[in-house]
>>> print(open('upload-v2.txt').read())   # compact mmCIF, C-alpha atoms
# COMPACT_ATOMS: atom_id res chain seq x y z
CA MET A 212 160.75 153.99 68.84
CA SER A 213 158.62 151.79 71.13
CA GLN A 214 160.29 149.71 73.78
CA PRO A 215 159.31 146.02 73.92
CA SER A 216 156.77 145.16 76.58
CA GLN A 217 158.03 143.13 79.54
CA GLN A 218 154.73 141.25 79.80
CA PRO A 219 154.23 138.58 77.11
CA SER A 220 150.43 139.00 77.10
CA GLN A 221 150.66 142.68 76.14
CA PRO A 222 151.63 143.42 72.52
CA VAL A 223 153.87 146.31 71.66
CA GLU A 224 151.60 148.88 70.02
CA PRO A 225 153.37 151.40 67.81
CA THR A 226 151.71 154.81 67.68
CA GLY A 227 148.88 154.87 65.16
CA VAL A 228 148.56 151.11 64.65
CA LEU A 229 145.28 149.63 65.82
CA THR A 230 145.25 146.14 67.25
CA PRO A 231 143.02 143.60 65.47
CA GLU A 232 140.44 143.88 68.28
CA GLU A 233 140.38 147.66 67.93
CA VAL A 234 139.84 147.33 64.18
CA LEU A 235 136.96 144.92 64.80
CA ARG A 236 135.33 147.16 67.42
CA LYS A 237 135.66 150.21 65.16
CA SER A 238 134.13 148.31 62.19
CA GLY A 239 130.93 147.36 64.00
CA VAL A 240 131.18 143.76 62.73
CA PRO A 241 129.71 141.41 65.37
CA PHE A 242 132.29 139.27 67.18
CA THR A 243 133.06 137.99 70.65
CA VAL A 244 136.33 137.40 72.45
CA LEU A 245 137.41 134.46 74.59
CA ASP A 246 139.86 135.28 77.38
CA HIS A 247 142.14 132.35 78.23
CA VAL A 248 145.62 131.28 79.21
CA PRO A 249 148.19 132.21 76.54
CA ILE A 250 148.22 129.71 73.69
CA VAL A 251 150.38 129.15 70.63
CA GLY A 252 149.24 126.80 67.89
CA GLN A 253 146.67 124.11 67.21
CA GLU A 254 147.57 121.78 70.07
CA ASP A 255 147.15 124.52 72.68
CA ALA A 256 143.81 125.60 71.16
CA GLU A 257 142.51 122.04 71.29
CA THR A 258 143.92 120.92 74.64
CA LYS A 259 143.86 124.11 76.72
CA LEU A 260 140.67 125.61 75.27
CA GLY A 261 138.80 122.60 73.88
CA LEU A 262 138.13 124.32 70.55
CA SER A 263 137.09 122.34 67.48
CA THR A 264 139.84 121.93 64.87
CA GLU A 265 137.29 122.48 62.08
CA GLN A 266 136.65 126.01 63.32
CA LEU A 267 140.22 127.13 63.98
CA LEU A 268 141.64 129.69 61.57
CA LYS A 269 145.39 130.26 61.75
CA THR A 270 147.13 133.33 60.44
CA MET A 271 150.72 133.14 59.30
CA VAL A 272 152.71 136.36 58.97
CA PHE A 273 155.31 136.78 56.23
CA ARG A 274 157.69 139.55 55.16
CA THR A 275 158.70 140.49 51.65
CA ALA A 276 162.15 141.62 50.53
CA GLU A 277 160.76 145.18 50.47
CA ASP A 278 159.80 144.91 54.18
CA GLY A 279 156.11 144.53 53.38
CA PHE A 280 153.82 142.15 55.23
CA VAL A 281 151.69 139.30 53.89
CA LEU A 282 149.08 137.65 56.12
CA ALA A 283 147.91 134.17 55.12
CA ALA A 284 144.76 132.81 56.80
CA LEU A 285 143.78 129.16 56.45
CA PRO A 286 142.31 126.31 58.48
CA VAL A 287 144.65 125.33 61.31
CA THR A 288 145.27 121.89 59.79
CA GLY A 289 146.36 123.31 56.41
CA ARG A 290 149.92 123.81 55.24
CA VAL A 291 150.75 126.91 53.21
CA ASN A 292 152.08 126.31 49.73
CA TYR A 293 154.68 129.10 49.59
CA GLY A 294 154.65 129.28 45.79
CA ARG A 295 150.87 129.79 45.70
CA LEU A 296 151.05 132.37 48.48
CA ALA A 297 153.84 134.28 46.73
CA ARG A 298 151.84 134.36 43.47
CA ALA A 299 148.72 135.54 45.30
CA ALA A 300 150.75 138.25 47.05
CA GLY A 301 152.42 139.33 43.81
CA VAL A 302 155.97 138.62 44.97
CA SER A 303 158.68 136.18 44.03
CA ARG A 304 158.85 133.08 46.25
CA SER A 305 162.51 133.86 46.94
CA LYS A 306 161.50 137.26 48.37
CA LEU A 307 159.01 135.86 50.88
CA ARG A 308 160.00 134.75 54.38
CA GLN A 309 158.19 134.01 57.60
CA ALA A 310 158.17 137.05 59.90
CA GLU A 311 160.28 137.01 63.05
CA PRO A 312 158.26 137.01 66.31
CA GLY A 313 159.41 140.54 67.17
CA GLU A 314 158.17 141.90 63.84
CA LEU A 315 154.54 141.16 64.73
CA SER A 316 154.54 144.22 67.02
CA LEU A 317 154.69 146.38 63.87
CA LEU A 318 151.18 145.07 63.15
CA GLY A 319 149.87 145.54 66.72
CA MET A 320 150.17 141.78 67.34
CA GLU A 321 152.23 139.37 69.42
CA PRO A 322 153.36 135.76 68.86
CA GLY A 323 150.44 133.40 69.43
CA GLY A 324 147.97 136.13 68.54
CA ALA A 325 148.50 136.66 64.80
CA SER A 326 145.26 137.80 63.20
CA PRO A 327 143.95 138.23 59.65
CA VAL A 328 142.58 141.62 60.76
CA CYS A 329 145.04 144.45 60.22
CA ASP A 330 144.76 148.24 60.15
CA LEU A 331 147.76 148.94 57.90
CA PRO A 332 146.80 149.69 54.29
CA ASP A 333 149.80 148.12 52.52
CA VAL A 334 149.51 144.69 54.15
CA VAL A 335 148.54 141.97 51.65
CA ILE A 336 145.97 139.58 53.13
CA VAL A 337 145.26 136.24 51.48
CA PHE A 338 142.66 133.71 52.65
CA ASP A 339 142.59 130.09 51.58
CA ALA A 340 139.48 129.43 49.49
CA SER A 341 138.23 126.91 52.08
CA VAL A 342 137.66 129.75 54.57
CA THR A 343 134.70 130.90 52.46
CA ARG A 344 132.95 127.63 53.40
CA MET A 345 133.60 127.90 57.13
CA GLY A 346 130.89 129.13 59.50
CA THR A 347 131.90 130.49 62.88
CA VAL A 348 135.69 130.64 63.21
CA TYR A 349 138.14 131.20 66.04
CA CYS A 350 141.07 133.40 65.05
CA GLY A 351 143.80 135.51 66.55
CA SER A 352 142.99 138.76 68.33
CA GLY A 353 146.51 140.15 68.30
CA ARG A 354 147.16 138.68 71.75
CA ALA A 355 148.07 135.13 72.79
CA ASP A 356 145.56 135.22 75.67
CA ARG A 357 142.46 136.28 73.68
CA THR A 358 140.73 134.62 70.72
CA VAL A 359 138.18 136.22 68.40
CA VAL A 360 134.98 134.32 67.58
CA ILE A 361 133.44 135.58 64.33
CA GLU A 362 131.46 134.42 61.30
CA ALA A 363 133.90 133.71 58.45
CA ALA A 364 131.68 135.53 55.95
CA ARG A 365 131.69 138.70 58.09
CA LEU A 366 135.45 138.44 58.56
CA ILE A 367 135.92 138.19 54.79
CA GLU A 368 133.65 141.20 54.22
CA LEU A 369 135.65 143.26 56.71
CA VAL A 370 139.14 142.23 55.63
CA GLY A 371 138.56 142.07 51.86
CA PRO A 372 141.30 139.49 51.32
CA LYS A 373 142.49 137.88 48.12
CA ILE A 374 140.93 134.41 48.01
CA GLU A 375 143.23 131.68 46.66
CA GLU A 376 143.96 127.97 47.02
CA LEU A 377 146.85 128.32 49.49
CA ALA A 378 147.02 124.90 51.08
CA SER A 379 149.20 122.20 49.61
>>> encode(input="upload-v2.txt", output="C-alpha cells")
Amino acid sequence: MSQPSQQPSQPVEPTGVLTPEEVLRKSGVPFTVLDHVPIVGQEDAETKLGLSTEQLLKTMVFRTAEDGFVLAALPVTGRVNYGRLARAAGVSRSKLRQAEPGELSLLGMEPGGASPVCDLPDVVIVFDASVTRMGTVYCGSGRADRTVVIEAARLIELVGPKIEELAS
C-alpha cells in the first residue's frame, strides 16, 4: 500500500494508475499546462491566476456505495444537482457521496487538482451539457499547482463522458 506523500503538491500515485497529465500525454491530444502556486476553487483561480470564470471547468469527485468513483465536470459557477448526477451515473442518490480528499489519490489526483481525465476503466464520467459549448477550458491536472488548458471538444473526445444537464 502506498504511503501518503509529505509534500502537498505531489499526489500519491498508486502503482499502475496514470495521472491525468500522463493520460493526456499518452493520448496525443493537444494541451498545455500552467504551473502556478497551489490553488483550490474558483476564487483562487480568479484571484491568484487571473483566469476567466467562463473558461473554468471544475471536476467534482464522488463515491458510490460500491466504492466506485463518479467524476462530474461542469462550469465552475454551476452547482451539481445530485439527483441528476445520480441518474446519469446509474446509481441511487442515497448511494452517492462526495469523495474524501484522501480518496483522490486512488485516481492519481490530489485535492485542488481533480480532473475529468482518468485512466481507470470503471470510473463514470459525466459532463454538464454546457461544456459542449465551451471553447478553451482550464481544468484540473491532478495536481493543485498545475492547470490543464485544452479545447473542450478535444477533452470530450478523449474522455467520452456521459453528457447530461447536471447543474441546478
>>> closest_atom_pairs(input="upload-v2.txt", of="range 341-363 of chain A", to="range 263-279 of chain A", cutoff="8 Å", atoms="all atoms listed in the file", output="tab-separated table")
residue	atom	partner	partner_atom	distance
A:Met345	CA	A:Gln266	CA	7.2
A:Gly346	CA	A:Gln266	CA	7.6
A:Thr347	CA	A:Gln266	CA	6.5
A:Val348	CA	A:Gln266	CA	4.7
A:Tyr349	CA	A:Leu267	CA	5.0
A:Cys350	CA	A:Leu268	CA	5.1
A:Gly351	CA	A:Lys269	CA	7.3
>>> closest_atom_pairs(input="upload-v2.txt", of="range 250-330 of chain A", to="range 364-377 of chain A", cutoff="7 Å", atoms="only C-alpha atoms", output="Markdown table")
| residue | atom | partner | partner_atom | distance |
| --- | --- | --- | --- | --- |
| A:Val291 | CA | A:Leu377 | CA | 5.6 |
| A:Asn292 | CA | A:Leu377 | CA | 5.6 |
| A:Arg295 | CA | A:Leu377 | CA | 5.7 |
| A:Leu296 | CA | A:Leu377 | CA | 5.9 |
| A:Ala299 | CA | A:Glu375 | CA | 6.8 |
| A:Val328 | CA | A:Val370 | CA | 6.2 |
>>> residues_around(input="upload-v2.txt", residues="range 333-335 of chain A", least_positions_apart="6", cutoff="7 Å", atoms="all atoms listed in the file", output="number ranges by chain")
A: 279-282, 300
>>> closest_residue(input="upload-v2.txt", among="A:Glu362, A:Asp339, A:Glu314, A:Asp356", to="Ala378 in chain A", atoms="all atoms listed in the file")
A:Asp339
>>> closest_residue(input="upload-v2.txt", among="A:Arg344, A:Leu317, A:Arg308, A:Ile361", to="Leu331 in chain A", atoms="only C-alpha atoms")
A:Leu317
